[in-house]
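> Please read through the structure below; I'll follow up with questions.
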Amino acid sequence: MWWVGSRTLDWYVGTRATIVCEGSSVLLREAVDDWQSAVRVGAEFMSQIDGKRLRVRAWLSGGLSRPFVLPAAHGVRSESEVQRIAGSLVAARTGLAADSQIWIDGGSKDRSVAIAADRAAIQSVMAVASKKIGLKSVAPWWSEALRHVLATEGSTESIAVQDCDSLTVLAGKSAGFELATTYSPIGNLEAAGSAYARALLSSDAEFADGPMVWLHMGNEVQTSVAGLALGACAEVLQ
Amino acid sequence: MRALKVNFLPKSKAGARWSMALSAALLCVAAQQAWLSVEAYKKLKALEAEVARQTEEREAAAAADRIRSQTPAAEPPYAKDAAAIARIASFDTAGIFAAIEATQVRGVRVTQLEILPAESVARVELEILEPKALTEYLEVINVGVDTGPRWHLVRTRAGLGANPGSAELVYRK
(Lines give C-alpha, C1' and ligand atoms only; values in the text may rest on other atoms or scores of the structure.)
Protein backbone atom coordinates (compact mmCIF):
# COMPACT_ATOMS: atom_id res chain seq x y z
CA MET A 1 0.00 0.00 0.00
CA TRP A 2 1.53 3.28 -1.10
CA TRP A 3 0.31 5.30 1.84
CA VAL A 4 2.10 3.24 4.40
CA GLY A 5 4.87 5.35 5.85
CA SER A 6 3.52 8.62 4.34
CA ARG A 7 2.88 11.93 6.14
CA THR A 8 -0.53 13.61 6.08
CA LEU A 9 -0.60 17.39 5.65
CA ASP A 10 -3.41 19.96 5.50
CA TRP A 11 -2.77 22.69 2.95
CA TYR A 12 -4.85 25.85 2.88
CA VAL A 13 -5.04 27.78 -0.39
CA GLY A 14 -6.59 31.27 -0.26
CA THR A 15 -6.36 34.53 -2.15
CA ARG A 16 -4.51 36.16 0.78
CA ALA A 17 -2.62 33.31 2.49
CA THR A 18 -1.37 29.79 2.37
CA ILE A 19 -0.98 27.50 5.39
CA VAL A 20 0.51 24.04 5.80
CA CYS A 21 -0.17 22.05 8.96
CA GLU A 22 0.70 18.57 10.05
CA GLY A 23 -1.74 17.62 12.78
CA SER A 24 -1.54 20.36 15.40
CA SER A 25 1.80 21.70 14.09
CA VAL A 26 1.95 24.71 11.80
CA LEU A 27 4.67 24.11 9.21
CA LEU A 28 3.97 27.12 7.01
CA ARG A 29 1.79 30.22 7.34
CA GLU A 30 2.44 32.94 4.78
CA ALA A 31 0.56 35.93 3.41
CA VAL A 32 0.31 36.04 -0.40
CA ASP A 33 -1.11 38.41 -3.01
CA ASP A 34 -3.29 35.92 -4.86
CA TRP A 35 -4.20 32.26 -5.06
CA GLN A 36 -1.60 31.60 -7.73
CA SER A 37 1.10 32.68 -5.27
CA ALA A 38 -0.52 30.57 -2.57
CA VAL A 39 -0.29 27.50 -4.81
CA ARG A 40 3.27 28.24 -5.79
CA VAL A 41 4.54 28.91 -2.27
CA GLY A 42 2.74 25.96 -0.77
CA ALA A 43 3.85 23.54 -3.49
CA GLU A 44 7.46 24.71 -3.24
CA PHE A 45 7.44 24.30 0.50
CA MET A 46 5.98 20.81 0.45
CA SER A 47 8.29 19.58 -2.28
CA GLN A 48 11.24 20.44 -0.07
CA ILE A 49 10.04 18.42 2.89
CA ASP A 50 12.46 15.53 3.30
CA GLY A 51 11.55 11.97 3.77
CA LYS A 52 8.32 10.20 3.26
CA ARG A 53 5.72 10.68 0.58
CA LEU A 54 3.13 13.33 1.48
CA ARG A 55 -0.62 12.80 1.52
CA VAL A 56 -2.18 16.24 1.24
CA ARG A 57 -5.69 17.44 1.95
CA ALA A 58 -6.07 20.74 0.10
CA TRP A 59 -8.50 23.26 1.64
CA LEU A 60 -9.79 26.16 -0.43
CA SER A 61 -10.76 29.49 1.05
CA GLY A 62 -14.34 30.73 0.92
CA GLY A 63 -13.29 33.24 -1.67
CA LEU A 64 -12.36 30.38 -4.02
CA SER A 65 -15.25 28.02 -3.21
CA ARG A 66 -18.71 29.46 -2.50
CA PRO A 67 -21.98 27.76 -1.66
CA PHE A 68 -25.48 28.61 -2.80
CA VAL A 69 -28.88 27.06 -2.26
CA LEU A 70 -30.15 25.14 -5.24
CA PRO A 71 -33.94 25.16 -5.10
CA ALA A 72 -35.83 22.02 -5.91
CA ALA A 73 -36.59 21.86 -9.61
CA HIS A 74 -39.64 19.72 -10.07
CA GLY A 75 -39.61 17.67 -13.21
CA VAL A 76 -35.84 17.64 -13.48
CA ARG A 77 -34.77 14.05 -13.87
CA SER A 78 -31.17 13.83 -14.95
CA GLU A 79 -28.01 14.83 -13.13
CA SER A 80 -26.78 16.69 -16.18
CA GLU A 81 -29.93 18.78 -16.16
CA VAL A 82 -29.35 19.66 -12.49
CA GLN A 83 -25.75 20.57 -13.32
CA ARG A 84 -26.95 22.82 -16.12
CA ILE A 85 -29.43 24.60 -13.87
CA ALA A 86 -26.80 25.07 -11.17
CA GLY A 87 -24.35 26.41 -13.73
CA SER A 88 -26.85 29.00 -14.81
CA LEU A 89 -27.09 30.30 -11.23
CA VAL A 90 -23.39 30.42 -10.31
CA ALA A 91 -22.58 33.95 -11.43
CA ALA A 92 -25.69 35.50 -9.86
CA ARG A 93 -25.56 33.57 -6.60
CA THR A 94 -21.80 33.53 -5.94
CA GLY A 95 -20.08 36.12 -8.06
CA LEU A 96 -17.74 33.49 -9.49
CA ALA A 97 -17.38 32.84 -13.19
CA ALA A 98 -20.10 30.90 -14.94
CA ASP A 99 -17.64 28.17 -15.93
CA SER A 100 -16.74 27.46 -12.31
CA GLN A 101 -16.51 23.85 -11.25
CA ILE A 102 -19.71 22.82 -9.50
CA TRP A 103 -20.33 20.23 -6.83
CA ILE A 104 -23.94 19.48 -5.93
CA ASP A 105 -25.13 17.92 -2.69
CA GLY A 106 -27.71 15.26 -3.46
CA GLY A 107 -28.62 14.57 0.13
CA SER A 108 -31.84 16.53 0.32
CA LYS A 109 -34.44 16.45 -2.41
CA ASP A 110 -35.99 19.75 -1.39
CA ARG A 111 -33.13 22.06 -0.64
CA SER A 112 -29.90 21.05 -2.22
CA VAL A 113 -26.80 23.12 -1.72
CA ALA A 114 -24.33 23.56 -4.54
CA ILE A 115 -20.73 24.73 -4.33
CA ALA A 116 -19.03 26.69 -7.07
CA ALA A 117 -15.24 26.73 -7.10
CA ASP A 118 -12.69 28.60 -9.18
CA ARG A 119 -11.83 26.10 -11.89
CA ALA A 120 -8.36 27.43 -12.57
CA ALA A 121 -7.47 27.34 -8.87
CA ILE A 122 -8.58 23.73 -8.58
CA GLN A 123 -6.62 22.71 -11.63
CA SER A 124 -3.51 24.45 -10.31
CA VAL A 125 -3.84 22.69 -6.98
CA MET A 126 -4.30 19.35 -8.74
CA ALA A 127 -1.21 20.00 -10.84
CA VAL A 128 0.86 20.03 -7.64
CA ALA A 129 0.40 16.29 -7.30
CA SER A 130 3.58 14.39 -7.98
CA LYS A 131 5.45 11.31 -6.94
CA LYS A 132 6.18 13.00 -3.64
CA ILE A 133 2.90 14.83 -3.14
CA GLY A 134 -0.30 12.82 -3.32
CA LEU A 135 -3.57 14.74 -3.19
CA LYS A 136 -6.23 13.09 -1.13
CA SER A 137 -8.92 15.74 -1.44
CA VAL A 138 -9.68 19.29 -2.58
CA ALA A 139 -12.54 20.87 -0.62
CA PRO A 140 -13.67 24.17 0.93
CA TRP A 141 -12.26 24.69 4.39
CA TRP A 142 -15.65 25.96 5.56
CA SER A 143 -17.12 22.49 4.82
CA GLU A 144 -14.50 21.05 7.21
CA ALA A 145 -15.50 23.61 9.82
CA LEU A 146 -19.18 22.63 9.40
CA ARG A 147 -18.28 18.95 9.80
CA HIS A 148 -16.33 19.70 12.96
CA VAL A 149 -19.11 21.77 14.57
CA LEU A 150 -21.75 19.13 13.79
CA ALA A 151 -19.47 16.41 15.15
CA THR A 152 -18.77 18.26 18.40
CA GLU A 153 -22.14 19.93 19.01
CA GLY A 154 -24.46 17.40 17.38
CA SER A 155 -26.44 19.94 15.43
CA THR A 156 -26.63 23.62 14.71
CA GLU A 157 -29.07 25.80 12.78
CA SER A 158 -26.40 28.21 11.62
CA ILE A 159 -22.64 28.57 11.27
CA ALA A 160 -20.28 31.23 10.01
CA VAL A 161 -16.77 30.48 8.84
CA GLN A 162 -14.26 33.25 8.40
CA ASP A 163 -10.93 32.64 6.70
CA CYS A 164 -8.36 34.82 4.98
CA ASP A 165 -10.62 36.29 2.32
CA SER A 166 -14.28 35.61 3.09
CA LEU A 167 -17.12 34.87 5.46
CA THR A 168 -19.28 31.87 4.59
CA VAL A 169 -22.69 31.64 6.28
CA LEU A 170 -24.77 28.49 6.31
CA ALA A 171 -28.18 28.00 7.95
CA GLY A 172 -30.91 25.45 7.86
CA LYS A 173 -33.33 23.54 10.02
CA SER A 174 -33.14 19.74 10.34
CA ALA A 175 -30.87 18.29 7.66
CA GLY A 176 -31.43 20.84 4.91
CA PHE A 177 -29.85 24.13 3.90
CA GLU A 178 -31.96 27.27 3.59
CA LEU A 179 -29.17 29.79 3.59
CA ALA A 180 -25.76 29.33 1.98
CA THR A 181 -23.72 32.32 0.94
CA THR A 182 -20.20 33.73 0.97
CA TYR A 183 -19.26 37.34 1.56
CA SER A 184 -15.92 38.15 -0.06
CA PRO A 185 -13.77 40.01 0.58
CA ILE A 186 -14.37 40.48 4.30
CA GLY A 187 -12.48 42.71 6.60
CA ASN A 188 -11.83 42.11 10.24
CA LEU A 189 -13.60 39.93 12.73
CA GLU A 190 -16.01 42.68 13.74
CA ALA A 191 -17.11 43.14 10.18
CA ALA A 192 -17.54 39.42 9.85
CA GLY A 193 -19.74 39.26 12.92
CA SER A 194 -21.98 42.01 11.61
CA ALA A 195 -22.31 40.30 8.26
CA TYR A 196 -23.23 37.02 9.96
CA ALA A 197 -25.97 38.64 12.00
CA ARG A 198 -27.30 40.53 9.02
CA ALA A 199 -27.44 37.37 6.94
CA LEU A 200 -29.53 35.56 9.54
CA LEU A 201 -31.86 38.48 10.05
CA SER A 202 -32.48 38.98 6.37
CA SER A 203 -33.45 35.39 5.88
CA ASP A 204 -37.11 34.43 5.65
CA ALA A 205 -36.77 31.88 8.38
CA GLU A 206 -35.53 32.35 11.89
CA PHE A 207 -32.44 30.44 12.84
CA ALA A 208 -30.84 30.01 16.19
CA ASP A 209 -27.48 31.69 16.53
CA GLY A 210 -24.62 29.36 15.82
CA PRO A 211 -20.85 29.40 16.22
CA MET A 212 -18.33 31.28 14.14
CA VAL A 213 -15.21 29.36 13.16
CA TRP A 214 -12.27 31.66 12.56
CA LEU A 215 -9.07 30.80 10.64
CA HIS A 216 -6.29 33.05 11.85
CA MET A 217 -3.60 34.34 9.58
CA GLY A 218 -1.37 35.51 12.43
CA ASN A 219 -0.30 34.21 15.80
CA GLU A 220 -3.39 35.34 17.66
CA VAL A 221 -4.61 31.86 18.53
CA GLN A 222 -3.15 30.50 21.73
CA THR A 223 -4.93 27.16 21.66
CA SER A 224 -5.78 24.96 18.71
CA VAL A 225 -9.05 23.25 17.84
CA ALA A 226 -8.57 19.52 18.13
CA GLY A 227 -10.11 17.37 15.45
CA LEU A 228 -10.29 20.20 12.91
CA ALA A 229 -7.99 20.38 9.89
CA LEU A 230 -5.78 23.49 10.28
CA GLY A 231 -7.08 23.58 13.85
CA ALA A 232 -3.73 24.94 15.02
CA CYS A 233 -4.69 28.18 13.28
CA ALA A 234 -8.39 28.15 14.15
CA GLU A 235 -10.75 29.27 16.88
CA VAL A 236 -14.41 28.54 17.47
CA LEU A 237 -16.38 31.51 18.77
CA GLN A 238 -19.79 30.98 20.25
CA MET B 1 -27.85 21.03 8.43
CA ARG B 2 -25.67 18.04 7.64
CA ALA B 3 -22.01 17.57 6.82
CA LEU B 4 -21.10 17.95 3.16
CA LYS B 5 -18.73 15.34 1.80
CA VAL B 6 -17.15 17.59 -0.79
CA ASN B 7 -14.23 16.62 -2.95
CA PHE B 8 -13.45 18.40 -6.19
CA LEU B 9 -10.93 15.75 -7.12
CA PRO B 10 -12.11 13.37 -9.81
CA LYS B 11 -12.43 9.75 -8.76
CA SER B 12 -8.90 8.66 -8.02
CA LYS B 13 -6.86 7.04 -10.75
CA ALA B 14 -5.67 4.54 -8.20
CA GLY B 15 -9.26 3.72 -7.44
CA ALA B 16 -9.94 3.32 -11.14
CA ARG B 17 -6.92 1.05 -11.50
CA TRP B 18 -8.12 -1.04 -8.56
CA SER B 19 -11.57 -1.20 -10.12
CA MET B 20 -10.10 -2.25 -13.45
CA ALA B 21 -7.82 -4.78 -11.78
CA LEU B 22 -10.74 -6.17 -9.79
CA SER B 23 -12.89 -6.28 -12.91
CA ALA B 24 -10.10 -8.05 -14.79
CA ALA B 25 -9.67 -10.51 -11.94
CA LEU B 26 -13.40 -11.20 -11.86
CA LEU B 27 -13.37 -11.71 -15.63
CA CYS B 28 -10.51 -14.18 -15.28
CA VAL B 29 -12.39 -16.07 -12.58
CA ALA B 30 -15.52 -16.10 -14.71
CA ALA B 31 -13.53 -17.34 -17.71
CA GLN B 32 -11.90 -20.05 -15.63
CA GLN B 33 -15.27 -21.17 -14.30
CA ALA B 34 -16.65 -21.25 -17.81
CA TRP B 35 -13.69 -23.32 -19.01
CA LEU B 36 -14.07 -25.73 -16.07
CA SER B 37 -17.76 -26.06 -16.88
CA VAL B 38 -16.96 -26.90 -20.49
CA GLU B 39 -14.36 -29.48 -19.41
CA ALA B 40 -16.78 -31.00 -16.93
CA TYR B 41 -19.42 -31.22 -19.64
CA LYS B 42 -16.96 -32.94 -21.98
CA LYS B 43 -16.05 -35.45 -19.27
CA LEU B 44 -19.71 -36.11 -18.58
CA LYS B 45 -20.37 -36.79 -22.24
CA ALA B 46 -17.34 -39.07 -22.43
CA LEU B 47 -18.55 -41.01 -19.38
CA GLU B 48 -22.02 -41.34 -20.85
CA ALA B 49 -20.55 -42.68 -24.08
CA GLU B 50 -18.41 -45.20 -22.15
CA VAL B 51 -21.43 -46.33 -20.13
CA ALA B 52 -23.43 -46.76 -23.32
CA ARG B 53 -20.59 -48.76 -24.93
CA GLN B 54 -20.23 -51.08 -21.93
CA THR B 55 -23.99 -51.56 -21.72
CA GLU B 56 -24.04 -52.52 -25.39
CA GLU B 57 -21.19 -55.00 -24.86
CA ARG B 58 -22.95 -56.59 -21.91
CA GLU B 59 -26.17 -56.95 -23.83
CA ALA B 60 -24.31 -58.52 -26.76
CA ALA B 61 -22.58 -60.97 -24.42
CA ALA B 62 -25.89 -61.86 -22.76
CA ALA B 63 -27.47 -62.46 -26.15
CA ALA B 64 -24.59 -64.74 -27.13
CA ASP B 65 -25.01 -66.67 -23.88
CA ARG B 66 -28.67 -67.17 -24.59
CA ILE B 67 -27.89 -68.54 -28.05
CA ARG B 68 -25.24 -70.90 -26.67
CA SER B 69 -27.59 -72.26 -24.01
CA GLN B 70 -30.17 -73.17 -26.65
CA THR B 71 -27.70 -75.08 -28.85
CA PRO B 72 -26.54 -78.50 -27.46
CA ALA B 73 -22.86 -78.77 -27.30
CA ALA B 74 -21.08 -81.60 -29.18
CA GLU B 75 -20.16 -84.51 -26.90
CA PRO B 76 -16.48 -84.82 -26.25
CA PRO B 77 -14.80 -88.18 -27.21
CA TYR B 78 -13.95 -89.12 -23.64
CA ALA B 79 -17.52 -88.67 -22.42
CA LYS B 80 -18.39 -92.41 -22.27
CA ASP B 81 -15.19 -93.32 -20.47
CA ALA B 82 -15.71 -90.48 -18.05
CA ALA B 83 -19.28 -91.63 -17.38
CA ALA B 84 -18.13 -95.19 -16.81
CA ILE B 85 -15.46 -94.04 -14.38
CA ALA B 86 -18.05 -91.98 -12.55
CA ARG B 87 -20.41 -94.96 -12.27
CA ILE B 88 -17.65 -97.21 -11.01
CA ALA B 89 -16.50 -94.59 -8.49
CA SER B 90 -20.02 -94.05 -7.21
CA PHE B 91 -20.88 -97.79 -6.89
CA ASP B 92 -20.85 -98.73 -3.21
CA THR B 93 -18.74 -101.87 -3.47
CA ALA B 94 -17.58 -101.64 0.15
CA GLY B 95 -21.19 -101.25 1.29
CA ILE B 96 -22.18 -104.39 -0.59
CA PHE B 97 -19.40 -106.43 1.01
CA ALA B 98 -20.36 -105.07 4.42
CA ALA B 99 -24.03 -105.95 3.92
CA ILE B 100 -23.24 -109.51 2.75
CA GLU B 101 -20.93 -110.04 5.68
CA ALA B 102 -23.36 -108.61 8.23
CA THR B 103 -26.40 -110.54 7.03
CA GLN B 104 -26.29 -113.87 8.94
CA VAL B 105 -29.58 -115.78 8.74
CA ARG B 106 -29.88 -119.40 9.89
CA GLY B 107 -30.67 -121.60 6.98
CA VAL B 108 -29.12 -119.36 4.29
CA ARG B 109 -25.57 -119.52 3.00
CA VAL B 110 -23.87 -117.33 0.35
CA THR B 111 -22.44 -119.53 -2.34
CA GLN B 112 -21.39 -116.96 -4.95
CA LEU B 113 -20.96 -113.18 -5.12
CA GLU B 114 -20.45 -111.15 -8.30
CA ILE B 115 -19.96 -107.39 -8.30
CA LEU B 116 -20.14 -105.43 -11.56
CA PRO B 117 -19.46 -101.77 -10.72
CA ALA B 118 -19.44 -100.70 -14.38
CA GLU B 119 -23.02 -101.89 -14.63
CA SER B 120 -23.88 -100.74 -11.09
CA VAL B 121 -25.05 -104.31 -10.33
CA ALA B 122 -24.11 -107.00 -7.86
CA ARG B 123 -25.35 -110.62 -7.78
CA VAL B 124 -25.28 -113.10 -4.98
CA GLU B 125 -26.31 -116.74 -5.09
CA LEU B 126 -27.64 -118.33 -1.95
CA GLU B 127 -28.09 -121.87 -0.75
CA ILE B 128 -31.42 -122.18 1.00
CA LEU B 129 -31.59 -124.87 3.68
CA GLU B 130 -34.82 -123.61 5.11
CA PRO B 131 -37.33 -122.00 2.66
CA LYS B 132 -38.73 -119.60 5.26
CA ALA B 133 -35.26 -118.24 5.94
CA LEU B 134 -35.01 -116.65 2.45
CA THR B 135 -37.69 -114.06 3.27
CA GLU B 136 -35.94 -113.19 6.49
CA TYR B 137 -32.58 -112.96 4.67
CA LEU B 138 -34.02 -110.53 2.10
CA GLU B 139 -35.46 -108.37 4.86
CA VAL B 140 -32.26 -108.30 6.83
CA ILE B 141 -29.93 -107.51 3.91
CA ASN B 142 -32.18 -104.57 2.89
CA VAL B 143 -32.47 -103.14 6.40
CA GLY B 144 -32.15 -99.30 6.37
CA VAL B 145 -32.52 -99.03 2.61
CA ASP B 146 -35.45 -96.74 1.75
CA THR B 147 -34.38 -95.36 -1.60
CA GLY B 148 -31.66 -96.09 -4.08
CA PRO B 149 -30.14 -99.49 -4.89
CA ARG B 150 -31.36 -102.53 -2.89
CA TRP B 151 -31.31 -106.34 -3.12
CA HIS B 152 -33.99 -107.87 -5.25
CA LEU B 153 -34.97 -111.60 -5.44
CA VAL B 154 -34.72 -112.59 -9.09
CA ARG B 155 -34.76 -116.43 -8.93
CA THR B 156 -35.53 -119.23 -6.50
CA ARG B 157 -35.26 -123.01 -6.87
CA ALA B 158 -36.73 -125.37 -4.37
CA GLY B 159 -34.56 -128.12 -3.04
CA LEU B 160 -35.35 -131.74 -3.96
CA GLY B 161 -35.15 -134.30 -1.27
CA ALA B 162 -32.10 -133.73 0.80
CA ASN B 163 -30.69 -131.22 -1.66
CA PRO B 164 -30.98 -127.57 -0.57
CA GLY B 165 -32.75 -124.99 -2.63
CA SER B 166 -31.07 -121.91 -4.17
CA ALA B 167 -31.86 -118.30 -4.81
CA GLU B 168 -30.28 -115.41 -6.67
CA LEU B 169 -30.38 -111.84 -5.42
CA VAL B 170 -29.41 -108.83 -7.53
CA TYR B 171 -28.35 -105.50 -6.07
CA ARG B 172 -29.61 -102.63 -8.24
CA LYS B 173 -31.91 -99.68 -8.23
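Here, A, B, ... name the chains of the C-alpha coordinates in the order displayed, residue numbers run from 1 inside each chain, and ligands are numbered from 1 in the same displayed order.
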Hey, what does DSSP flag as strand (DSSP E or B) within range 23-198 of chain A? Can you give it to me as a PyMOL selection string?

chain A and resi 25-31+54-60+65-71+101-104+111-117+133-140+158-162+167-171+179-183

> For a quick test of understanding: name the residues of chain A lying within 6 Å of chain B when counting only C-alpha atoms, and present them as a list in words.

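The answer, sorted by residue number, is Ser137, Val138, Ala139, Arg147, Gly172, Ser174, Ala175, Gly176 and Phe177 of chain A.
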
> Mind writing the picked residues with N, CA and C atoms as a CSV table (one decimal), in the first residue's frame?


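Once everything was written out, this is part_37.csv:
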```
chain,number,residue,atom,x,y,z
A,137,SER,N,-7.7,15.1,-1.2
A,137,SER,CA,-8.9,15.7,-1.4
A,137,SER,C,-8.7,17.2,-1.7
A,138,VAL,N,-9.7,17.8,-2.4
A,138,VAL,CA,-9.7,19.3,-2.6
A,138,VAL,C,-11.1,19.7,-2.2
A,139,ALA,N,-11.2,20.5,-1.1
A,139,ALA,CA,-12.5,20.9,-0.6
A,139,ALA,C,-12.5,22.2,0.1
A,147,ARG,N,-18.4,20.3,9.3
A,147,ARG,CA,-18.3,18.9,9.8
A,147,ARG,C,-17.9,18.9,11.3
A,172,GLY,N,-29.8,26.3,8.3
A,172,GLY,CA,-30.9,25.4,7.9
A,172,GLY,C,-31.5,24.7,9.0
A,174,SER,N,-33.3,21.2,10.5
A,174,SER,CA,-33.1,19.7,10.3
A,174,SER,C,-31.9,19.5,9.5
A,175,ALA,N,-32.1,18.7,8.4
A,175,ALA,CA,-30.9,18.3,7.7
A,175,ALA,C,-30.6,19.1,6.4
A,176,GLY,N,-31.5,20.1,6.1
A,176,GLY,CA,-31.4,20.8,4.9
A,176,GLY,C,-30.7,22.1,5.1
A,177,PHE,N,-30.5,22.8,3.9
A,177,PHE,CA,-29.8,24.1,3.9
A,177,PHE,C,-30.8,25.1,3.3
```

> Between B:Pro77, B:Gln104, B:Pro117, B:Ser69, single out the one closest to Ala89 in chain B, counting only C-alpha atoms.

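Smallest separation from Ala89 in chain B among the options: B:Pro117.
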
> Contacts of Val105 in chain B at 8 Å or less, counting only C-alpha atoms, minus same-chain residues fewer than 6 places along, as a list of chain:residue names?

B:Ala133, B:Glu136, B:Tyr137

> Since we have the selection now, will you write its residues out, keeping C-alpha atoms, as a PDB file, in the first residue's frame?


```pdb
ATOM      1  CA  ALA B 133     -35.256-118.242   5.938  1.00  0.00           C
ATOM      2  CA  GLU B 136     -35.940-113.190   6.491  1.00  0.00           C
ATOM      3  CA  TYR B 137     -32.575-112.958   4.674  1.00  0.00           C
TER       4      TYR B 137
END
```

> From a backbone DSSP assignment, name each residue in range 63-157 of chain B labelled alpha helix (DSSP H), as an MDAnalysis selection string.

chainID B and resid 63:70 79:90 93:102 131:141

> Write out as a list in words which residues come within 7 Å of range 44-60 of chain A when counting only C-alpha atoms, dropping same-chain ones fewer than 2 positions away.

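The residues that qualify are Gly5, Ser6, Arg7, Thr8, Leu9, Asp10, Trp11, Tyr12, Val13, Gly14, Arg40, Val41, Gly42, Gly62, Leu64, Ser65, Lys132, Ile133, Gly134, Leu135, Lys136, Ser137, Val138, Ala139, Pro140 and Trp141 of chain A.
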
> Within 8 Å of Trp35 in chain A, counting only C-alpha atoms, which residues qualify if same-chain residues fewer than 3 places away don't, as a list in words?

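Residues near the query, excluding close chain neighbours: Val13, Gly14, Thr15, Arg16, Ala17, Val32, Ala38, Val39 and Ala121 of chain A.
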
> Write out, as a short mmCIF file (atom, residue, chain, number, x, y, z; two decimals), in the first residue's frame, the residues just selected, with N, CA and C atoms.


```
data_model
loop_
_atom_site.label_atom_id
_atom_site.label_comp_id
_atom_site.auth_asym_id
_atom_site.auth_seq_id
_atom_site.Cartn_x
_atom_site.Cartn_y
_atom_site.Cartn_z
N VAL A 13 -5.32 26.93 0.77
CA VAL A 13 -5.04 27.78 -0.39
C VAL A 13 -6.08 28.89 -0.43
N GLY A 14 -5.68 30.14 -0.21
CA GLY A 14 -6.59 31.27 -0.26
C GLY A 14 -6.04 32.36 -1.15
N THR A 15 -6.81 33.41 -1.32
CA THR A 15 -6.36 34.53 -2.15
C THR A 15 -5.45 35.48 -1.38
N ARG A 16 -5.34 35.26 -0.03
CA ARG A 16 -4.51 36.16 0.78
C ARG A 16 -3.44 35.41 1.57
N ALA A 17 -3.56 34.06 1.65
CA ALA A 17 -2.62 33.31 2.49
C ALA A 17 -2.57 31.86 2.09
N VAL A 32 0.03 35.99 1.04
CA VAL A 32 0.31 36.04 -0.40
C VAL A 32 -0.60 37.10 -1.04
N ALA A 38 -0.27 31.54 -3.64
CA ALA A 38 -0.52 30.57 -2.57
C ALA A 38 -0.18 29.16 -3.05
N VAL A 39 -0.59 28.82 -4.26
CA VAL A 39 -0.29 27.50 -4.81
C VAL A 39 1.22 27.34 -4.98
N ALA A 121 -8.14 27.59 -10.15
CA ALA A 121 -7.47 27.34 -8.87
C ALA A 121 -7.44 25.84 -8.57
#
```

> Within 12 Å of Lys173 in chain A, counting only C-alpha atoms, which residues show up once you throw out same-chain ones fewer than 5 positions away? Write them as a ChimeraX atom specification, please.

/A:111,155-159,178-179,205-210 /B:1-2

> Write out as a list of chain:residue names each polymer residue whose atoms come within 10 Å of Ser224 in chain A, counting only C-alpha atoms; drop sequence neighbours fewer than 3 positions from it.

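Surrounding residues, per the criterion: A:Ser24, A:Ser25, A:Val221, A:Gly227, A:Leu228, A:Leu230, A:Gly231, A:Ala232, A:Cys233, A:Ala234, A:Glu235, A:Val236.
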